[in-house]
Amino acid sequence: MSFDFDVIGRSLPYLWKGFLYTVELTAIASLGGLFFGTLLALGRLSPIKPLAMIAAGYVNLMRSIPLVLVLFWFFFLMPQVLQLATGGERPPQIGAERTAIITFIMFEASYFCEIMRAGIQSIAKGQVDSAYALGLSYGQSMRLVILPQALRNMIPVLLTQTIILFQDTSLVYVISATDFTGAASKIAQRDGRLVEMYLFVAVVYFVLCYTLSYTVKLLQRRIAVIR
Amino acid sequence: MKFDLDWGVFFHEIPGGGDRYADLLVSGVAWTLAVSASAWVIALVLGSVIGTIRTTDRPWMVSLGDAWVELFRNIPLLVQMFLWYFVVPEFIAPLKRWLVQADPAHAQFVAAVLCLALFTSARVAEQVRAGIQSLPRGQRYAGMALGLTQPQVYGFVLLPMAFRIVIPPLTSETMNLIKNSSIALTIGLAELTFRSREMGEYTFRFFEAFSAATLIYIAIAMTANRVMALIERKTAVPGTIAGGGK
């Protein structure tokens with residue numbers, strides 16, 4: 001058994017491209033997920049029963065099936081749904097990379113929803129009452145009073161979820177998108193260097209995620225001191 | 001192509017075999033349950049041990065437990081799956097020899113169980129540690145004042161309480177484990193998600209195949225949830241809110 005760790009150096013530019021896609025996917029999915037997740041959380045807490053039920057149903061559905069299956073749902077069926085919507089001759093080709101971005105936004109929205117819901121519910125009732133007493137509308141009181149506080153309280157949890165998301169993006173491998181893991185796996189199989197490539201990928205992820213979660217821990221301590 | 005659905009497709013025969021597509025999904029469910037159950041048993045035992053030693057007064061035990069949790073928590077599960085299947089056997093000669101002549105399904109099963117068990121054990125360890133640390137300090141001191149040794153304090157005082165406290169978080173870890181078992185399809189294990197995609201590819205009935213898989217996952221999750229809720233009720237500590245406080 002002989003190892004050839006030079007394969008990593010040779011393929012660095014390709015791996016870097018994959019890594020950039022991983023970062024891009026994480027960034028877009030976390031921001032998009034936070035936006036739609038907040039809307040879902042408002043829906044779940046809404047006094048309008050049908051709206052609350054639809055939001056809860058969506059969130060519970062997404063959270064009870066594996067991410068791999070969600071990726072397959074979108075990858076195999078989105079072209080057909082789009083074709084049906086646009087009435088085109090053939091299913092439009094949207095590609096694995098873009099499918100992954102849409103899937104992750106939709107999927108993460110359900111996880112961010114639960115975090116934001118907990119954040120909103122942690123705000124004292126008096127805050128809502130005083131916002132209404134000041135004559136603010138529902139939208140204004142949410143936007144100016146409740147959500148900024150909920151978001152701030154939940155920053156450590158949101159960042160932890162983003163680190164999990166960063167790791168989960170590696171699953172785009174199952175629809176053959178070329179993220180960091182996907183790039184490494186393609187080279188590993190082309191050159192027959194599975195051991196070297198997968199060890200390298202594991203070390204990179206470990207160093208990044210460990211550093212990030214340690215930073216979140218420090219941040220959490222600082223926020224806790226301020227309050 | 002229109003969205004014409006054909007729910008009878010599950011009873012069509014698979015070309016070349018006597019089986020129907022429904023049988024394909026059933027065999028997938030069997031693998032999903034087998035992998036999840038095996039991994040769950042190992043994860044519960046390992047995670048309890050690791051979580052417990054992280055609360056002891058031996059620094060080397062605490063460091064070992066912390067390192068264990070950080071190691072498995074900071075590498076994507078998919079990469080861990082590849083490490084167990086492709087990388088670890090390269091460093092263990094007897095394992096490699098067994099792998100070469102073993103049934104591929106057995107090799108995939110062993111790798112998937114090990115991977116999911118160790119990954120989940122880190123998460124269980126974190127919950128168990130939190131459970132033990134949530135107990136009032138006085139319980140540990142009371143045990144020590146009675147002259148119990150440290151293992152006895154854990155065995156008779158702390159763990160019986162801590163395990164009951166951590167059942168709700170362990171319920172969600174059980175569901176996570178079942179969902180995570182789908183990642184075993186990347187090393188070729190023919191579990192439920194793998195089979196539903198296979199069925200879709202054979203029949204071009206992706207909608208029907210994925211709907212079935214989705215419903216089965218929901219059913220499994222709900223069953224696991226009910227079972228854990230039952231255990232939670234049976235083991236609730238009398239006098240607490242969960243135990244109908246008196």
# chains A, B, ... in the order shown; residues from 1 in each chain; ligands from 1
call {"tool": "residues_around", "arguments": {"residues": "Met116 in chain A", "least_positions_apart": "6", "cutoff": "8 Å", "atoms": "only C-alpha atoms", "output": "PyMOL selection string"}}
result
chain A and resi 37-38+41+150-151+154
call {"tool": "interface_residues", "arguments": {"of": "chain A", "to": "chain B", "cutoff": "7 Å", "atoms": "only C-alpha atoms", "output": "mmCIF file with N, CA and C atoms, in the first residue's frame"}}
result
data_model
loop_
_atom_site.group_PDB
_atom_site.id
_atom_site.type_symbol
_atom_site.label_atom_id
_atom_site.label_comp_id
_atom_site.auth_asym_id
_atom_site.auth_seq_id
_atom_site.Cartn_x
_atom_site.Cartn_y
_atom_site.Cartn_z
ATOM 1 N N SER A 64 -39.459 15.720 8.536
ATOM 2 C CA SER A 64 -39.579 14.292 8.823
ATOM 3 C C SER A 64 -39.043 13.412 7.691
ATOM 4 N N ILE A 65 -38.579 14.006 6.592
ATOM 5 C CA ILE A 65 -37.981 13.153 5.564
ATOM 6 C C ILE A 65 -36.503 13.510 5.377
ATOM 7 N N PRO A 66 -35.689 12.538 4.930
ATOM 8 C CA PRO A 66 -34.249 12.767 4.808
ATOM 9 C C PRO A 66 -33.941 13.802 3.729
ATOM 10 N N VAL A 68 -31.593 13.740 1.640
ATOM 11 C CA VAL A 68 -31.284 13.063 0.370
ATOM 12 C C VAL A 68 -32.555 12.885 -0.459
ATOM 13 N N LEU A 69 -33.634 12.494 0.212
ATOM 14 C CA LEU A 69 -34.900 12.291 -0.497
ATOM 15 C C LEU A 69 -35.448 13.629 -1.009
ATOM 16 N N TRP A 73 -36.397 14.550 -4.811
ATOM 17 C CA TRP A 73 -37.703 15.125 -5.174
ATOM 18 C C TRP A 73 -37.496 16.294 -6.130
ATOM 19 N N PHE A 76 -35.465 15.358 -9.635
ATOM 20 C CA PHE A 76 -36.165 14.602 -10.674
ATOM 21 C C PHE A 76 -37.476 15.237 -11.098
ATOM 22 N N GLN A 167 -22.020 21.609 6.523
ATOM 23 C CA GLN A 167 -21.671 20.187 6.401
ATOM 24 C C GLN A 167 -22.680 19.458 5.514
ATOM 25 N N ASP A 168 -23.949 19.806 5.652
ATOM 26 C CA ASP A 168 -24.997 19.106 4.896
ATOM 27 C C ASP A 168 -24.915 19.360 3.395
ATOM 28 N N SER A 170 -22.628 18.965 1.574
ATOM 29 C CA SER A 170 -21.860 17.900 0.920
ATOM 30 C C SER A 170 -22.792 16.867 0.287
ATOM 31 N N LEU A 171 -24.059 16.828 0.725
ATOM 32 C CA LEU A 171 -24.989 15.830 0.193
ATOM 33 C C LEU A 171 -25.399 16.103 -1.251
ATOM 34 N N VAL A 174 -25.155 13.493 -4.090
ATOM 35 C CA VAL A 174 -26.105 12.496 -4.593
ATOM 36 C C VAL A 174 -26.795 12.932 -5.892
ATOM 37 N N LEU A 194 -8.554 7.330 -3.368
ATOM 38 C CA LEU A 194 -9.666 7.595 -2.448
ATOM 39 C C LEU A 194 -9.173 7.952 -1.050
ATOM 40 N N VAL A 195 -8.176 7.190 -0.565
ATOM 41 C CA VAL A 195 -7.708 7.394 0.807
ATOM 42 C C VAL A 195 -7.204 8.818 0.989
ATOM 43 N N TYR A 198 -10.156 11.623 0.493
ATOM 44 C CA TYR A 198 -11.184 11.679 1.536
ATOM 45 C C TYR A 198 -10.598 12.101 2.878
ATOM 46 N N ALA A 202 -11.811 15.410 4.889
ATOM 47 C CA ALA A 202 -12.229 15.312 6.292
ATOM 48 C C ALA A 202 -11.457 16.313 7.139
ATOM 49 N N TYR A 205 -12.719 19.952 6.432
ATOM 50 C CA TYR A 205 -14.016 20.200 7.075
ATOM 51 C C TYR A 205 -13.851 20.314 8.586
ATOM 52 N N PHE A 206 -13.047 19.395 9.152
ATOM 53 C CA PHE A 206 -12.908 19.394 10.604
ATOM 54 C C PHE A 206 -12.316 20.709 11.095
ATOM 55 N N CYS A 209 -14.943 23.603 10.575
ATOM 56 C CA CYS A 209 -16.133 23.537 11.424
ATOM 57 C C CYS A 209 -15.770 23.685 12.891
ATOM 58 N N TYR A 210 -14.617 23.104 13.276
ATOM 59 C CA TYR A 210 -14.206 23.225 14.681
ATOM 60 C C TYR A 210 -13.928 24.683 15.013
#
call {"tool": "residues_around", "arguments": {"residues": "Gln83 in chain A", "least_positions_apart": "3", "cutoff": "12 Å", "atoms": "only C-alpha atoms", "output": "list in words"}}
result
Leu77, Met78, Pro79, Gln80, Thr86, Gly87, Gly88, Glu89, Arg90, Pro91, Pro92, Gln93 and Ile94 of chain A; Met1, Lys2 and Phe3 of chain B
call {"tool": "write_last_selection", "arguments": {"atoms": "N, CA and C atoms", "output": "mmCIF file, in the first residue's frame"}}
result
data_model
loop_
_atom_site.group_PDB
_atom_site.id
_atom_site.type_symbol
_atom_site.label_atom_id
_atom_site.label_comp_id
_atom_site.auth_asym_id
_atom_site.auth_seq_id
_atom_site.Cartn_x
_atom_site.Cartn_y
_atom_site.Cartn_z
ATOM 1 N N LEU A 77 -38.087 16.031 -10.213
ATOM 2 C CA LEU A 77 -39.430 16.499 -10.540
ATOM 3 C C LEU A 77 -39.531 17.976 -10.863
ATOM 4 N N MET A 78 -38.516 18.771 -10.474
ATOM 5 C CA MET A 78 -38.628 20.193 -10.759
ATOM 6 C C MET A 78 -38.692 20.479 -12.263
ATOM 7 N N PRO A 79 -37.863 19.816 -13.107
ATOM 8 C CA PRO A 79 -37.985 20.061 -14.547
ATOM 9 C C PRO A 79 -39.404 19.814 -15.057
ATOM 10 N N GLN A 80 -40.040 18.738 -14.572
ATOM 11 C CA GLN A 80 -41.393 18.427 -15.038
ATOM 12 C C GLN A 80 -42.404 19.465 -14.569
ATOM 13 N N THR A 86 -44.697 26.334 -17.476
ATOM 14 C CA THR A 86 -44.392 27.204 -18.615
ATOM 15 C C THR A 86 -45.037 26.710 -19.895
ATOM 16 N N GLY A 87 -45.466 25.434 -19.918
ATOM 17 C CA GLY A 87 -46.099 24.884 -21.108
ATOM 18 C C GLY A 87 -45.144 24.675 -22.269
ATOM 19 N N GLY A 88 -43.863 24.437 -21.958
ATOM 20 C CA GLY A 88 -42.856 24.254 -23.002
ATOM 21 C C GLY A 88 -42.919 22.879 -23.645
ATOM 22 N N GLU A 89 -42.137 22.719 -24.716
ATOM 23 C CA GLU A 89 -42.092 21.455 -25.438
ATOM 24 C C GLU A 89 -41.406 20.372 -24.622
ATOM 25 N N ARG A 90 -40.242 20.752 -24.037
ATOM 26 C CA ARG A 90 -39.440 19.782 -23.290
ATOM 27 C C ARG A 90 -39.186 20.323 -21.885
ATOM 28 N N PRO A 91 -38.879 19.438 -20.931
ATOM 29 C CA PRO A 91 -38.555 19.928 -19.583
ATOM 30 C C PRO A 91 -37.312 20.820 -19.649
ATOM 31 N N PRO A 92 -37.368 22.026 -19.039
ATOM 32 C CA PRO A 92 -36.199 22.901 -19.054
ATOM 33 C C PRO A 92 -35.042 22.289 -18.265
ATOM 34 N N GLN A 93 -33.824 22.481 -18.759
ATOM 35 C CA GLN A 93 -32.646 21.960 -18.065
ATOM 36 C C GLN A 93 -32.155 23.011 -17.079
ATOM 37 N N ILE A 94 -32.222 22.716 -15.779
ATOM 38 C CA ILE A 94 -31.761 23.727 -14.834
ATOM 39 C C ILE A 94 -30.449 23.342 -14.165
ATOM 40 N N MET B 1 -45.149 15.783 -22.034
ATOM 41 C CA MET B 1 -45.591 14.830 -21.014
ATOM 42 C C MET B 1 -46.483 15.502 -19.990
ATOM 43 N N LYS B 2 -47.603 14.889 -19.746
ATOM 44 C CA LYS B 2 -48.526 15.426 -18.740
ATOM 45 C C LYS B 2 -48.294 14.737 -17.409
ATOM 46 N N PHE B 3 -48.878 15.332 -16.379
ATOM 47 C CA PHE B 3 -48.726 14.737 -15.060
ATOM 48 C C PHE B 3 -49.774 13.665 -14.838
#
call {"tool": "select_by_dssp", "arguments": {"residues": "range 149-226 of chain B", "states": "alpha helix (DSSP H)", "output": "PyMOL selection string"}}
result
chain B and resi 150-152+159-165+167-180+192-203+206-226
call {"tool": "residues_around", "arguments": {"residues": "range 6-22 of chain B", "least_positions_apart": "6", "cutoff": "8 Å", "atoms": "only C-alpha atoms", "output": "compact mmCIF listing (two decimals) with C-alpha atoms, in the first residue's frame"}}
result
# COMPACT_ATOMS: atom_id res chain seq x y z
CA MET B 199 -37.99 2.38 -8.94
CA THR B 203 -40.56 3.17 -14.43
CA ARG B 205 -42.72 7.20 -12.13
CA GLU B 208 -45.29 7.89 -7.22
call {"tool": "atom_distance", "arguments": {"atom1": "CA of Leu158 in chain B", "atom2": "CA of Leu170 in chain B"}}
result
17.4 Å
call {"tool": "residues_around", "arguments": {"residues": "Thr169 in chain A", "least_positions_apart": "3", "cutoff": "9 Å", "atoms": "only C-alpha atoms", "output": "PyMOL selection string"}}
result
(chain A and resi 22+25-26+100+104+164-166+172-173+179) or (chain B and resi 76)
call {"tool": "closest_atom_pairs", "arguments": {"of": "range 159-233 of chain B", "to": "range 96-113 of chain B", "cutoff": "9 Å", "atoms": "only C-alpha atoms", "output": "CSV"}}
result
residue,atom,partner,partner_atom,distance
B:Ser181,CA,B:Ala112,CA,7.7
B:Ile183,CA,B:Ala112,CA,8.6
B:Ala184,CA,B:Ala112,CA,5.8
B:Ile187,CA,B:Gln108,CA,6.5
B:Gly188,CA,B:Gln108,CA,6.9
B:Leu189,CA,B:Gln108,CA,5.7
B:Ala190,CA,B:Ala105,CA,8.1
call {"tool": "residues_around", "arguments": {"residues": "Lys17 in chain A", "least_positions_apart": "4", "cutoff": "9 Å", "atoms": "only C-alpha atoms", "output": "list in words"}}
result
Leu12, Pro13, Tyr21, Thr22, Thr178, Asp179, Phe180 and Ala183 of chain A
call {"tool": "write_last_selection", "arguments": {"atoms": "N, CA and C atoms", "output": "CSV table (one decimal), in the first residue's frame"}}
result
chain,number,residue,atom,x,y,z
A,12,LEU,N,-5.6,21.1,-6.7
A,12,LEU,CA,-6.0,22.2,-5.8
A,12,LEU,C,-6.9,23.2,-6.6
A,13,PRO,N,-6.6,23.6,-7.8
A,13,PRO,CA,-7.5,24.6,-8.5
A,13,PRO,C,-8.9,24.0,-8.6
A,21,TYR,N,-18.1,26.8,-4.5
A,21,TYR,CA,-19.5,26.5,-4.7
A,21,TYR,C,-20.1,26.1,-3.4
A,22,THR,N,-19.4,25.3,-2.6
A,22,THR,CA,-19.9,24.9,-1.2
A,22,THR,C,-20.2,26.2,-0.4
A,178,THR,N,-21.0,19.5,-8.3
A,178,THR,CA,-19.6,19.5,-7.9
A,178,THR,C,-19.3,20.5,-6.8
A,179,ASP,N,-19.6,20.1,-5.6
A,179,ASP,CA,-19.2,21.0,-4.4
A,179,ASP,C,-17.8,20.5,-4.0
A,180,PHE,N,-17.3,20.9,-2.8
A,180,PHE,CA,-16.0,20.5,-2.4
A,180,PHE,C,-15.9,19.0,-2.3
A,183,ALA,N,-16.1,17.5,-5.9
A,183,ALA,CA,-14.8,17.6,-6.6
A,183,ALA,C,-13.8,16.6,-6.2
call {"tool": "atom_distance", "arguments": {"atom1": "CA of Trp84 in chain B", "atom2": "CA of Leu114 in chain B"}}
result
7.5 Å
call {"tool": "residues_around", "arguments": {"residues": "range 224-239 of chain B", "least_positions_apart": "5", "cutoff": "10 Å", "atoms": "only C-alpha atoms", "output": "PDB file with N, CA and C atoms, in the first residue's frame"}}
result
ATOM      1  N   PRO B 160     -29.840   7.177  36.819  1.00  0.00           N
ATOM      2  CA  PRO B 160     -31.281   6.874  36.748  1.00  0.00           C
ATOM      3  C   PRO B 160     -32.127   8.128  36.542  1.00  0.00           C
ATOM      4  N   MET B 161     -31.668   9.257  37.103  1.00  0.00           N
ATOM      5  CA  MET B 161     -32.391  10.514  36.885  1.00  0.00           C
ATOM      6  C   MET B 161     -32.090  11.077  35.503  1.00  0.00           C
ATOM      7  N   PHE B 163     -31.056   9.781  32.705  1.00  0.00           N
ATOM      8  CA  PHE B 163     -31.585   9.097  31.520  1.00  0.00           C
ATOM      9  C   PHE B 163     -33.048   9.453  31.265  1.00  0.00           C
ATOM     10  N   ARG B 164     -33.791   9.634  32.349  1.00  0.00           N
ATOM     11  CA  ARG B 164     -35.203  10.000  32.155  1.00  0.00           C
ATOM     12  C   ARG B 164     -35.324  11.405  31.614  1.00  0.00           C
ATOM     13  N   ILE B 165     -34.420  12.277  32.061  1.00  0.00           N
ATOM     14  CA  ILE B 165     -34.483  13.665  31.591  1.00  0.00           C
ATOM     15  C   ILE B 165     -34.180  13.759  30.097  1.00  0.00           C
ATOM     16  N   VAL B 166     -33.255  12.898  29.616  1.00  0.00           N
ATOM     17  CA  VAL B 166     -32.815  13.066  28.222  1.00  0.00           C
ATOM     18  C   VAL B 166     -33.676  12.306  27.223  1.00  0.00           C
ATOM     19  N   ILE B 167     -34.752  11.669  27.668  1.00  0.00           N
ATOM     20  CA  ILE B 167     -35.557  10.917  26.684  1.00  0.00           C
ATOM     21  C   ILE B 167     -36.120  11.811  25.566  1.00  0.00           C
ATOM     22  N   PRO B 168     -36.689  13.010  25.869  1.00  0.00           N
ATOM     23  CA  PRO B 168     -37.191  13.816  24.753  1.00  0.00           C
ATOM     24  C   PRO B 168     -36.112  14.174  23.714  1.00  0.00           C
ATOM     25  N   LEU B 170     -33.465  12.519  23.100  1.00  0.00           N
ATOM     26  CA  LEU B 170     -33.070  11.273  22.439  1.00  0.00           C
ATOM     27  C   LEU B 170     -34.103  10.858  21.402  1.00  0.00           C
ATOM     28  N   THR B 171     -35.375  11.235  21.618  1.00  0.00           N
ATOM     29  CA  THR B 171     -36.398  10.938  20.613  1.00  0.00           C
ATOM     30  C   THR B 171     -36.039  11.603  19.295  1.00  0.00           C
ATOM     31  N   SER B 172     -35.627  12.885  19.370  1.00  0.00           N
ATOM     32  CA  SER B 172     -35.320  13.556  18.104  1.00  0.00           C
ATOM     33  C   SER B 172     -34.031  13.010  17.510  1.00  0.00           C
ATOM     34  N   THR B 174     -33.259   9.849  17.623  1.00  0.00           N
ATOM     35  CA  THR B 174     -33.698   8.615  16.962  1.00  0.00           C
ATOM     36  C   THR B 174     -34.216   8.919  15.562  1.00  0.00           C
ATOM     37  N   MET B 175     -35.026   9.968  15.469  1.00  0.00           N
ATOM     38  CA  MET B 175     -35.579  10.334  14.159  1.00  0.00           C
ATOM     39  C   MET B 175     -34.459  10.803  13.228  1.00  0.00           C
ATOM     40  N   ILE B 178     -32.717   7.770  11.800  1.00  0.00           N
ATOM     41  CA  ILE B 178     -33.462   7.099  10.733  1.00  0.00           C
ATOM     42  C   ILE B 178     -33.322   7.883   9.427  1.00  0.00           C
ATOM     43  N   ILE B 218     -42.448   9.120   6.987  1.00  0.00           N
ATOM     44  CA  ILE B 218     -43.309   9.776   7.984  1.00  0.00           C
ATOM     45  C   ILE B 218     -43.891   8.738   8.941  1.00  0.00           C
ATOM     46  N   ALA B 219     -44.320   7.593   8.367  1.00  0.00           N
ATOM     47  CA  ALA B 219     -44.895   6.541   9.218  1.00  0.00           C
ATOM     48  C   ALA B 219     -43.860   6.018  10.211  1.00  0.00           C
ATOM     49  N   GLY B 244     -46.695  13.996  36.460  1.00  0.00           N
ATOM     50  CA  GLY B 244     -47.971  14.410  37.030  1.00  0.00           C
ATOM     51  C   GLY B 244     -47.801  14.840  38.481  1.00  0.00           C
ATOM     52  N   GLY B 245     -46.948  15.836  38.688  1.00  0.00           N
ATOM     53  CA  GLY B 245     -46.464  16.269  39.997  1.00  0.00           C
ATOM     54  C   GLY B 245     -47.501  16.256  41.121  1.00  0.00           C
ATOM     55  N   LYS B 246     -47.122  15.662  42.248  1.00  0.00           N
ATOM     56  CA  LYS B 246     -48.050  15.586  43.371  1.00  0.00           C
ATOM     57  C   LYS B 246     -47.441  16.303  44.565  1.00  0.00           C
TER      58      LYS B 246
END
call {"tool": "atom_distance", "arguments": {"atom1": "CA of Asp129 in chain A", "atom2": "CA of Leu147 in chain A"}}
result
14.6 Å
call {"tool": "closest_residue", "arguments": {"among": "A:Ile175, A:Ile223, A:Ala184, A:Leu208", "to": "Arg152 in chain A", "atoms": "only C-alpha atoms"}}
result
A:Ile223
call {"tool": "closest_residue", "arguments": {"among": "A:Ile8, A:Val204, A:Leu71, A:Ala131", "to": "Ala96 in chain A", "atoms": "only C-alpha atoms"}}
result
A:Leu71
call {"tool": "closest_residue", "arguments": {"among": "A:Ser213, A:Thr181, A:Gln220, A:Gln121", "to": "Tyr14 in chain A", "atoms": "only C-alpha atoms"}}
result
A:Thr181
